[in-house]
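Structure data follow from final08.cif (mmCIF, C-alpha atoms and all ligand atoms):
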```cif
data_final
loop_
_atom_site.group_PDB
_atom_site.id
_atom_site.type_symbol
_atom_site.label_atom_id
_atom_site.label_comp_id
_atom_site.auth_asym_id
_atom_site.auth_seq_id
_atom_site.Cartn_x
_atom_site.Cartn_y
_atom_site.Cartn_z
ATOM 1 C CA MET L 1 90.317 -66.292 -145.855
ATOM 2 C CA VAL L 2 93.695 -64.786 -145.088
ATOM 3 C CA GLY L 3 92.041 -62.213 -142.848
ATOM 4 C CA ASP L 4 90.171 -64.983 -141.050
ATOM 5 C CA SER L 5 93.296 -66.931 -140.255
ATOM 6 C CA GLN L 6 95.073 -63.758 -139.036
ATOM 7 C CA ASP L 7 92.153 -63.007 -136.714
ATOM 8 C CA ASN L 8 92.209 -66.558 -135.524
ATOM 9 C CA SER L 9 95.934 -66.423 -134.806
ATOM 10 C CA LYS L 10 95.529 -63.129 -132.940
ATOM 11 C CA HIS L 11 92.934 -64.802 -130.768
ATOM 12 C CA ARG L 12 95.221 -67.697 -130.090
ATOM 13 C CA VAL L 13 98.059 -65.354 -129.176
ATOM 14 C CA SER L 14 95.880 -63.409 -126.783
ATOM 15 C CA ARG L 15 94.775 -66.671 -125.206
ATOM 16 C CA LEU L 16 98.432 -67.596 -124.829
ATOM 17 C CA ILE L 17 99.160 -64.258 -123.200
ATOM 18 C CA ASP L 18 96.165 -64.699 -120.896
ATOM 19 C CA ARG L 19 97.564 -67.985 -119.757
ATOM 20 C CA PHE L 20 100.926 -66.370 -119.098
ATOM 21 C CA SER L 21 99.318 -63.525 -117.197
ATOM 22 C CA ASN L 22 98.143 -66.016 -114.609
ATOM 23 C CA LEU L 23 101.618 -67.357 -113.961
ATOM 24 C CA PRO L 24 103.487 -66.095 -110.894
ATOM 25 C CA ALA L 25 106.188 -63.509 -111.588
ATOM 26 C CA SER L 26 109.028 -65.938 -111.058
ATOM 27 C CA ASN L 27 107.662 -68.447 -113.519
ATOM 28 C CA SER L 28 109.364 -68.544 -116.849
ATOM 29 C CA GLY L 29 110.141 -70.877 -119.694
ATOM 30 C CA SER L 30 108.529 -71.920 -122.891
ATOM 31 C CA ILE L 31 104.888 -72.661 -123.265
ATOM 32 C CA SER L 32 102.847 -74.436 -125.852
ATOM 33 C CA THR L 33 99.152 -74.826 -126.269
ATOM 34 C CA SER L 34 97.108 -77.800 -127.309
ATOM 35 C CA ASP L 35 96.361 -76.127 -130.624
ATOM 36 C CA GLY L 36 100.066 -76.136 -131.499
ATOM 37 C CA LEU L 37 100.911 -72.541 -130.657
ATOM 38 C CA SER L 38 104.195 -72.185 -128.827
ATOM 39 C CA GLY L 39 106.469 -69.426 -127.727
ATOM 40 C CA SER L 40 109.659 -68.807 -125.847
ATOM 41 C CA ILE L 41 108.334 -65.827 -123.946
ATOM 42 C CA SER L 42 109.134 -65.986 -120.291
ATOM 43 C CA ARG L 43 106.131 -64.292 -118.709
ATOM 44 C CA SER L 44 102.981 -62.478 -119.577
ATOM 45 C CA GLY L 45 103.443 -59.657 -122.017
ATOM 46 C CA ILE L 46 107.216 -59.811 -122.259
ATOM 47 C CA CYS L 47 108.304 -58.825 -125.719
ATOM 48 C CA GLN L 48 111.122 -60.543 -127.582
ATOM 49 C CA MET L 49 112.990 -57.256 -127.322
ATOM 50 C CA LYS L 50 113.622 -57.915 -123.644
ATOM 51 C CA PHE L 51 115.774 -60.898 -124.580
ATOM 52 C CA PRO L 52 119.208 -60.817 -126.211
ATOM 53 C CA GLN L 53 118.864 -61.368 -129.949
ATOM 54 C CA SER L 54 121.795 -62.120 -132.203
ATOM 55 C CA CYS L 55 120.004 -60.821 -135.308
ATOM 56 C CA CYS L 56 120.022 -57.154 -134.267
ATOM 57 C CA GLY L 57 121.976 -57.276 -131.028
ATOM 58 C CA GLY L 58 118.746 -56.731 -129.159
ATOM 59 C CA THR L 59 118.116 -53.284 -130.586
ATOM 60 C CA GLY L 60 115.062 -54.377 -132.552
ATOM 61 C CA TYR L 61 116.095 -52.590 -135.753
ATOM 62 C CA VAL L 62 118.529 -53.269 -138.585
ATOM 63 C CA LEU L 63 120.441 -50.686 -140.612
ATOM 64 C CA PHE L 64 121.069 -51.262 -144.283
ATOM 65 C CA ALA L 65 122.573 -49.386 -147.210
ATOM 66 C CA GLU L 66 120.520 -49.513 -150.366
ATOM 67 C CA ASN L 67 120.864 -45.973 -151.699
ATOM 68 C CA ALA L 68 123.253 -43.121 -151.026
ATOM 69 C CA THR L 69 121.892 -42.840 -147.502
ATOM 70 C CA LEU L 70 121.296 -45.424 -144.797
ATOM 71 C CA SER L 71 117.892 -46.915 -144.100
ATOM 72 C CA ALA L 72 116.633 -48.926 -141.155
ATOM 73 C CA ARG L 73 113.822 -51.402 -140.611
ATOM 74 C CA VAL L 74 112.320 -53.213 -137.666
ATOM 75 C CA CYS L 75 114.114 -56.546 -137.198
ATOM 76 C CA ASP L 76 112.438 -59.895 -137.886
ATOM 77 C CA CYS L 77 112.756 -60.896 -134.230
ATOM 78 C CA ILE L 78 110.247 -58.156 -133.458
ATOM 79 C CA LYS L 79 108.085 -58.845 -136.475
ATOM 80 C CA ASN L 80 107.766 -62.436 -135.291
ATOM 81 C CA CYS L 81 107.274 -61.582 -131.632
ATOM 82 C CA LEU L 82 104.311 -63.525 -130.291
ATOM 83 C CA VAL L 83 103.570 -61.006 -127.593
ATOM 84 C CA CYS L 84 103.330 -57.724 -129.474
ATOM 85 C CA GLN L 85 103.030 -59.302 -132.927
ATOM 86 C CA GLY L 86 105.581 -56.892 -134.338
ATOM 87 C CA GLN L 87 103.691 -53.833 -133.195
ATOM 88 C CA THR L 88 106.454 -52.956 -130.660
ATOM 89 C CA ARG L 89 103.588 -51.857 -128.434
ATOM 90 C CA MET L 90 100.797 -53.644 -126.646
ATOM 91 C CA VAL L 91 97.732 -52.985 -124.596
ATOM 92 C CA ILE L 92 98.056 -53.727 -120.893
ATOM 93 C CA ASP L 93 95.073 -53.069 -118.638
ATOM 94 C CA GLY L 94 93.441 -51.071 -121.387
ATOM 95 C CA THR L 95 96.456 -48.791 -121.915
ATOM 96 C CA ALA L 96 98.711 -48.973 -124.974
ATOM 97 C CA ARG L 97 102.392 -49.030 -124.068
ATOM 98 C CA SER L 98 105.608 -49.426 -126.020
ATOM 99 C CA CYS L 99 107.379 -52.729 -125.387
ATOM 100 C CA VAL L 100 110.621 -50.778 -124.931
ATOM 101 C CA GLU L 101 111.386 -47.072 -125.037
ATOM 102 C CA PRO L 102 112.252 -45.702 -127.491
ATOM 103 C CA SER L 103 110.518 -48.174 -129.740
ATOM 104 C CA PRO L 104 112.607 -49.766 -132.521
ATOM 105 C CA ARG L 105 109.993 -48.581 -134.978
ATOM 106 C CA LYS L 106 110.626 -44.976 -133.930
ATOM 107 C CA ILE L 107 114.421 -45.406 -134.040
ATOM 108 C CA ALA L 108 114.267 -47.035 -137.488
ATOM 109 C CA GLY L 109 112.208 -44.068 -138.703
ATOM 110 C CA ILE L 110 114.710 -41.557 -137.320
ATOM 111 C CA MET L 111 117.660 -43.444 -138.855
ATOM 112 C CA THR L 112 115.967 -43.636 -142.241
ATOM 113 C CA ASN L 113 115.107 -39.933 -142.272
ATOM 114 C CA ALA L 114 118.510 -38.800 -141.012
ATOM 115 C CA GLN L 115 120.236 -38.918 -144.438
ATOM 116 C CA LEU L 116 123.295 -40.651 -142.998
ATOM 117 C CA PRO L 117 125.822 -41.456 -145.747
ATOM 118 C CA ALA L 118 125.561 -45.116 -146.761
ATOM 119 C CA ARG L 119 129.297 -45.780 -146.714
ATOM 120 C CA TYR L 120 129.210 -45.354 -142.921
ATOM 121 C CA LEU L 121 126.917 -48.347 -142.399
ATOM 122 C CA ASN L 122 129.211 -49.810 -139.752
ATOM 123 C CA ALA L 123 130.340 -46.564 -138.166
ATOM 124 C CA GLY L 124 129.993 -46.631 -134.407
ATOM 125 C CA PHE L 125 132.041 -45.670 -131.371
ATOM 126 C CA ASP L 126 132.881 -49.346 -130.877
ATOM 127 C CA THR L 127 134.130 -49.714 -134.467
ATOM 128 C CA PHE L 128 136.303 -46.562 -134.505
ATOM 129 C CA THR L 129 139.868 -47.800 -134.809
ATOM 130 C CA ASN L 130 142.016 -44.838 -135.868
ATOM 131 C CA HIS L 131 143.878 -44.486 -132.595
ATOM 132 C CA SER L 132 147.075 -43.107 -134.147
ATOM 133 C CA GLY L 133 146.404 -39.712 -132.583
ATOM 134 C CA ASN L 134 143.890 -38.606 -129.961
ATOM 135 C CA GLY L 135 140.973 -40.333 -131.744
ATOM 136 C CA ARG L 136 140.205 -42.575 -128.799
ATOM 137 C CA GLN L 137 139.829 -39.611 -126.432
ATOM 138 C CA VAL L 138 137.724 -37.625 -128.876
ATOM 139 C CA ALA L 139 135.488 -40.644 -129.501
ATOM 140 C CA ALA L 140 135.037 -41.063 -125.742
ATOM 141 C CA ARG L 141 134.169 -37.378 -125.367
ATOM 142 C CA MET L 142 131.587 -37.625 -128.165
ATOM 143 C CA GLN L 143 130.095 -40.788 -126.733
ATOM 144 C CA LYS L 144 129.663 -39.039 -123.402
ATOM 145 C CA TRP L 145 128.014 -36.143 -125.207
ATOM 146 C CA ALA L 146 125.531 -38.581 -126.772
ATOM 147 C CA GLN L 147 124.815 -40.266 -123.446
ATOM 148 C CA THR L 148 124.213 -37.027 -121.568
ATOM 149 C CA PHE L 149 122.452 -35.131 -124.340
ATOM 150 C CA SER L 150 119.152 -33.613 -123.391
ATOM 151 C CA PRO L 151 117.123 -31.274 -125.562
ATOM 152 C CA ASN L 152 117.308 -27.580 -124.652
ATOM 153 C CA ALA L 153 120.533 -27.991 -122.732
ATOM 154 C CA SER L 154 123.522 -29.142 -124.750
ATOM 155 C CA THR L 155 125.904 -26.871 -126.569
ATOM 156 C CA GLY L 156 127.104 -28.158 -129.920
ATOM 157 C CA LEU L 157 130.382 -29.727 -130.935
ATOM 158 C CA LEU L 158 132.830 -28.674 -133.612
ATOM 159 C CA ILE L 159 135.274 -31.396 -134.606
ATOM 160 C CA GLY L 160 138.324 -30.158 -136.476
ATOM 161 C CA GLY L 161 141.170 -32.143 -137.940
ATOM 162 C CA SER L 162 142.867 -32.946 -141.209
ATOM 163 C CA VAL L 163 141.500 -35.169 -143.963
ATOM 164 C CA GLY L 164 141.186 -38.865 -143.143
ATOM 165 C CA VAL L 165 141.410 -38.829 -139.336
ATOM 166 C CA GLY L 166 137.827 -40.080 -139.108
ATOM 167 C CA LYS L 167 135.737 -36.967 -138.443
ATOM 168 C CA THR L 168 132.792 -38.025 -140.609
ATOM 169 C CA PHE L 169 132.935 -41.509 -139.112
ATOM 170 C CA LEU L 170 132.699 -40.035 -135.616
ATOM 171 C CA LEU L 171 129.877 -37.696 -136.614
ATOM 172 C CA VAL L 172 127.850 -40.599 -137.982
ATOM 173 C CA ALA L 173 128.632 -42.662 -134.851
ATOM 174 C CA LEU L 174 127.307 -39.797 -132.721
ATOM 175 C CA ALA L 175 124.208 -39.362 -134.886
ATOM 176 C CA LYS L 176 123.425 -43.081 -134.569
ATOM 177 C CA ALA L 177 123.933 -43.004 -130.796
ATOM 178 C CA LEU L 178 121.487 -40.115 -130.467
ATOM 179 C CA ALA L 179 118.956 -41.756 -132.786
ATOM 180 C CA ALA L 180 119.196 -44.914 -130.670
ATOM 181 C CA ARG L 181 118.112 -42.795 -127.701
ATOM 182 C CA GLY L 182 115.114 -41.606 -129.720
ATOM 183 C CA PHE L 183 116.345 -38.120 -130.613
ATOM 184 C CA SER L 184 115.772 -36.916 -134.150
ATOM 185 C CA VAL L 185 118.923 -36.171 -136.109
ATOM 186 C CA CYS L 186 119.596 -34.854 -139.584
ATOM 187 C CA PHE L 187 122.882 -35.127 -141.391
ATOM 188 C CA ALA L 188 124.100 -32.877 -144.189
ATOM 189 C CA ASP L 189 127.290 -32.319 -146.111
ATOM 190 C CA PHE L 190 127.782 -28.547 -145.997
ATOM 191 C CA PHE L 191 128.759 -28.148 -149.636
ATOM 192 C CA GLN L 192 125.942 -30.359 -150.896
ATOM 193 C CA LEU L 193 123.466 -28.695 -148.587
ATOM 194 C CA LEU L 194 124.345 -25.276 -149.983
ATOM 195 C CA SER L 195 123.850 -26.444 -153.551
ATOM 196 C CA GLU L 196 120.495 -27.971 -152.687
ATOM 197 C CA LEU L 197 119.382 -24.822 -150.883
ATOM 198 C CA LYS L 198 120.637 -22.699 -153.736
ATOM 199 C CA ALA L 199 118.621 -24.708 -156.226
ATOM 200 C CA GLY L 200 115.499 -24.053 -154.175
ATOM 201 C CA TYR L 201 115.993 -20.414 -153.248
ATOM 202 C CA SER L 202 114.418 -17.306 -154.581
ATOM 203 C CA ASP L 203 114.534 -13.606 -153.684
ATOM 204 C CA GLY L 204 117.779 -14.247 -151.840
ATOM 205 C CA LYS L 205 116.071 -16.497 -149.313
ATOM 206 C CA ALA L 206 116.336 -20.211 -148.784
ATOM 207 C CA ASP L 207 113.187 -22.237 -149.274
ATOM 208 C CA PRO L 208 111.525 -22.459 -145.834
ATOM 209 C CA HIS L 209 110.323 -25.990 -146.640
ATOM 210 C CA MET L 210 113.906 -27.099 -147.124
ATOM 211 C CA MET L 211 115.130 -25.254 -144.051
ATOM 212 C CA ALA L 212 112.364 -26.522 -141.754
ATOM 213 C CA PRO L 213 113.677 -30.046 -141.056
ATOM 214 C CA LEU L 214 117.205 -28.678 -140.624
ATOM 215 C CA MET L 215 115.923 -26.273 -138.005
ATOM 216 C CA SER L 216 113.567 -28.606 -136.178
ATOM 217 C CA CYS L 217 115.514 -31.865 -135.683
ATOM 218 C CA ASP L 218 116.990 -32.355 -132.200
ATOM 219 C CA VAL L 219 120.573 -32.329 -133.469
ATOM 220 C CA LEU L 220 121.777 -31.118 -136.867
ATOM 221 C CA PHE L 221 125.011 -32.604 -138.168
ATOM 222 C CA ILE L 222 127.007 -30.592 -140.697
ATOM 223 C CA ASP L 223 129.926 -32.391 -142.296
ATOM 224 C CA GLU L 224 132.796 -30.380 -143.787
ATOM 225 C CA LEU L 225 131.665 -26.993 -142.554
ATOM 226 C CA GLY L 226 133.371 -24.205 -144.483
ATOM 227 C CA LYS L 227 133.832 -26.196 -147.666
ATOM 228 C CA GLY L 228 132.760 -24.255 -150.729
ATOM 229 C CA ARG L 229 133.188 -20.759 -152.020
ATOM 230 C CA ASN L 230 131.722 -19.108 -148.919
ATOM 231 C CA THR L 231 130.012 -16.245 -150.668
ATOM 232 C CA GLU L 232 128.037 -13.779 -148.576
ATOM 233 C CA TRP L 233 124.892 -15.776 -149.323
ATOM 234 C CA GLU L 234 126.525 -18.999 -148.178
ATOM 235 C CA LYS L 235 127.781 -17.359 -144.988
ATOM 236 C CA THR L 236 124.275 -16.064 -144.315
ATOM 237 C CA ILE L 237 122.860 -19.583 -144.678
ATOM 238 C CA ALA L 238 125.469 -20.936 -142.259
ATOM 239 C CA ASP L 239 124.667 -18.154 -139.796
ATOM 240 C CA THR L 240 120.910 -18.684 -140.146
ATOM 241 C CA LEU L 241 121.285 -22.385 -139.378
ATOM 242 C CA ILE L 242 123.696 -22.012 -136.492
ATOM 243 C CA ALA L 243 122.188 -18.931 -134.834
ATOM 244 C CA GLY L 244 118.613 -20.009 -135.549
ATOM 245 C CA ARG L 245 119.123 -23.374 -133.962
ATOM 246 C CA TYR L 246 121.046 -21.895 -131.038
ATOM 247 C CA ASN L 247 118.178 -19.521 -130.294
ATOM 248 C CA GLN L 248 115.844 -22.503 -130.136
ATOM 249 C CA LYS L 249 118.361 -24.337 -127.937
ATOM 250 C CA ARG L 250 118.947 -26.974 -130.576
ATOM 251 C CA PRO L 251 122.620 -27.786 -131.050
ATOM 252 C CA VAL L 252 124.671 -28.303 -134.178
ATOM 253 C CA VAL L 253 127.466 -30.852 -134.394
ATOM 254 C CA ALA L 254 129.876 -30.087 -137.219
ATOM 255 C CA SER L 255 133.168 -31.227 -138.652
ATOM 256 C CA THR L 256 135.683 -29.150 -140.545
ATOM 257 C CA ASN L 257 138.975 -29.724 -142.343
ATOM 258 C CA TYR L 258 140.038 -26.163 -141.567
ATOM 259 C CA GLY L 259 142.045 -24.979 -138.610
ATOM 260 C CA LEU L 260 140.156 -23.975 -135.477
ATOM 261 C CA THR L 261 142.872 -22.124 -133.643
ATOM 262 C CA ALA L 262 144.140 -18.542 -133.695
ATOM 263 C CA ASP L 263 147.429 -19.899 -135.057
ATOM 264 C CA ALA L 264 145.586 -21.314 -137.998
ATOM 265 C CA THR L 265 143.944 -17.935 -138.534
ATOM 266 C CA GLN L 266 147.299 -16.153 -138.465
ATOM 267 C CA ALA L 267 148.762 -18.717 -140.785
ATOM 268 C CA VAL L 268 146.124 -18.107 -143.379
ATOM 269 C CA SER L 269 147.952 -15.359 -145.256
ATOM 270 C CA PHE L 270 150.909 -17.715 -145.568
ATOM 271 C CA ASN L 271 148.549 -20.427 -146.759
ATOM 272 C CA ILE L 272 147.010 -18.159 -149.344
ATOM 273 C CA ASP L 273 150.493 -17.460 -150.741
ATOM 274 C CA LEU L 274 151.209 -21.162 -150.686
ATOM 275 C CA GLU L 275 147.893 -21.808 -152.340
ATOM 276 C CA ARG L 276 148.822 -19.477 -155.195
ATOM 277 C CA SER L 277 152.272 -20.937 -155.626
ATOM 278 C CA LEU L 278 150.979 -24.508 -155.642
ATOM 279 C CA SER L 279 147.824 -23.970 -157.609
ATOM 280 C CA ASN L 280 149.357 -25.218 -160.842
ATOM 281 C CA ARG L 281 149.994 -28.607 -159.283
ATOM 282 C CA SER L 282 147.448 -31.218 -160.268
ATOM 283 C CA ASP L 283 147.218 -32.807 -156.810
ATOM 284 C CA PHE L 284 146.706 -29.489 -155.076
ATOM 285 C CA SER L 285 143.500 -29.013 -153.164
ATOM 286 C CA PRO L 286 142.887 -25.489 -151.855
ATOM 287 C CA GLU L 287 140.380 -26.996 -149.438
ATOM 288 C CA VAL L 288 143.061 -28.236 -147.082
ATOM 289 C CA PHE L 289 144.368 -24.745 -146.395
ATOM 290 C CA GLY L 290 143.138 -21.900 -144.306
ATOM 291 C CA SER L 291 141.286 -21.450 -141.061
ATOM 292 C CA LEU L 292 137.583 -21.814 -140.551
ATOM 293 C CA GLU L 293 137.430 -18.182 -139.456
ATOM 294 C CA SER L 294 139.016 -16.979 -142.675
ATOM 295 C CA ARG L 295 136.578 -19.057 -144.721
ATOM 296 C CA LEU L 296 133.343 -18.325 -142.921
ATOM 297 C CA GLY L 297 134.168 -14.816 -141.746
ATOM 298 C CA SER L 298 134.416 -13.537 -138.189
ATOM 299 C CA ARG L 299 130.649 -13.075 -137.755
ATOM 300 C CA VAL L 300 129.847 -16.756 -138.337
ATOM 301 C CA PHE L 301 133.020 -17.908 -136.599
ATOM 302 C CA SER L 302 132.264 -16.022 -133.391
ATOM 303 C CA ARG L 303 128.789 -17.573 -133.496
ATOM 304 C CA LEU L 304 130.438 -21.000 -133.620
ATOM 305 C CA ARG L 305 132.618 -20.064 -130.655
ATOM 306 C CA GLU L 306 129.528 -19.025 -128.735
ATOM 307 C CA THR L 307 127.520 -22.154 -129.419
ATOM 308 C CA MET L 308 129.980 -25.024 -129.743
ATOM 309 C CA GLU L 309 132.722 -26.836 -127.923
ATOM 310 C CA PHE L 310 135.795 -27.022 -130.176
ATOM 311 C CA THR L 311 137.732 -30.291 -130.391
ATOM 312 C CA GLU L 312 140.535 -31.201 -132.737
ATOM 313 C CA VAL L 313 141.180 -34.797 -133.827
ATOM 314 C CA THR L 314 144.766 -35.717 -134.620
ATOM 315 C CA GLY L 315 146.109 -38.846 -136.247
ATOM 316 C CA ASP L 316 147.129 -40.447 -139.516
ATOM 317 C CA ASP L 317 145.047 -40.379 -142.654
ATOM 318 C CA PHE L 318 143.553 -43.854 -142.312
ATOM 319 C CA ARG L 319 142.456 -43.934 -145.957
ATOM 320 C CA ARG L 320 146.057 -43.485 -147.075
ATOM 321 C CA ARG L 321 147.315 -45.862 -144.423
ATOM 322 C CA GLY L 322 144.820 -48.417 -145.722
ATOM 323 C CA ALA L 323 145.999 -47.901 -149.311
ATOM 324 C CA ARG L 324 149.564 -48.526 -148.272
ATOM 325 C CA GLY L 325 148.434 -51.712 -146.607
HETATM 326 ZN ZN ZN T 1 107.218 -57.850 -129.055
HETATM 327 ZN ZN ZN T 2 116.461 -58.863 -134.096
#
```
Written as structure tokens, how would this file's structure read?
Ligand SMILES: [Zn+2]
Ligand SMILES: [Zn+2]
Amino acid sequence: MVGDSQDNSKHRVSRLIDRFSNLPASNSGSISTSDGLSGSISRSGICQMKFPQSCCGGTGYVLFAENATLSARVCDCIKNCLVCQGQTRMVIDGTARSCVEPSPRKIAGIMTNAQLPARYLNAGFDTFTNHSGNGRQVAARMQKWAQTFSPNASTGLLIGGSVGVGKTFLLVALAKALAARGFSVCFADFFQLLSELKAGYSDGKADPHMMAPLMSCDVLFIDELGKGRNTEWEKTIADTLIAGRYNQKRPVVASTNYGLTADATQAVSFNIDLERSLSNRSDFSPEVFGSLESRLGSRVFSRLRETMEFTEVTGDDFRRRGARG
């Protein structure tokens, strides 16, 4: 019986659409039928997505944090759309078309598969507020990168800067902006990624099934590049990812806490001494010292130079600033 009533309602909706199809282009407004079916669609075949919606801001999908990573679903405004009946596509003149491109269903799928960290649910270029340094300019640069990104063309981005300036936030904002344009993104914490790959590797090689999505997504995001012990094996993995993707013209966007400049490289011997002298202190973290080149080695570093635009974010540690009130 449920199936019957669904069929019946589909028929009524298509009759409603038929009636709209006969209206002149300028005609708009709400319509209701004698059998009680009504809708606020403005013309034939115009999906709810074409109208501003407060529920999802008109995007047609909603992000939510249930697990360690973000998920997304198609918004109720689309599910309840009388025109496409939540399909986000419809048949016009015998041809199936998406109501909008890219379809919210596709974007929600990309967002859910991207492995974006859940604590960055609200991260976006419009919600980035750490403007104590050059954050505003870097955010604008990254936003432009997202807007002009096209597959097979863009070089990657490497975002340096000290702990707490908002690098991960900006990376997630960029990943979301690309996903919203329909590009597939995957997000990985470098240190965690290495441990996962290590768990799945044998004969000195990473599991190709684990590497495949990292190689094939449109943009790979690597957070905290250089973190870890950086053994030869780990450097080889980094090189495989970065060079492999570069050869396929697929960029990497990465963040690092380590220095990007030659100065930072020269300062590393000083930092190593400092590291030794401070290493008995309980609040000491060796991760904040050194240059990326010294950690990853010159082979991987020169690959980064070749394939990425380097940008350094400056500013206060907003986590500490927050703690101080
Ligand atoms: Zn619709
Ligand atoms: Zn909505």
### Query
If the PyMOL selection byres (((chain L and resi 253) around 9) and not hetatm) is run on the structure shown, which residues does it catch, given as a VMD selection string?
chain L and resid 155 to 159 171 219 to 223 251 to 252 254 to 255 308
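Against this structure, the PyMOL selection byres (((not hetatm)) within 6 of (chain T and resi 2)) ends up with Gln53, Cys55, Cys56, Gly58, Gly60, Cys75, Asp76 and Cys77 of chain L.
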### Query
What does the PyMOL selection byres (((not hetatm)) within 12 of (chain T and resi 1)) select in this file, as an MDAnalysis selection string?
chainID L and resid 13 17 39:41 44:51 58:60 74:91 97:100 103:105
### Among listed residues L:Glu232, L:Glu309, L:Asp316, L:Asp189, nearest Gly160 in chain L (using all atoms listed in the file)
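Among L:Glu232, L:Glu309, L:Asp316, L:Asp189, it is L:Glu309 that comes nearest to Gly160 in chain L.
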#### Entry: Contact residues around Ala238 in chain L with all atoms listed in the file at 9 Å, ignoring same-chain residues under 6 positions, as a list in words
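So, after excluding close chain neighbours, the residues are Phe190, Leu194, Leu225, Gly226, Leu296 and Val300 of chain L.
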### Query
Within 8 Å of Ile237 in chain L, counting all atoms listed in the file, which residues qualify if same-chain residues fewer than 3 places away don't, as number ranges by chain?
L: 194, 206, 233-234, 240-241
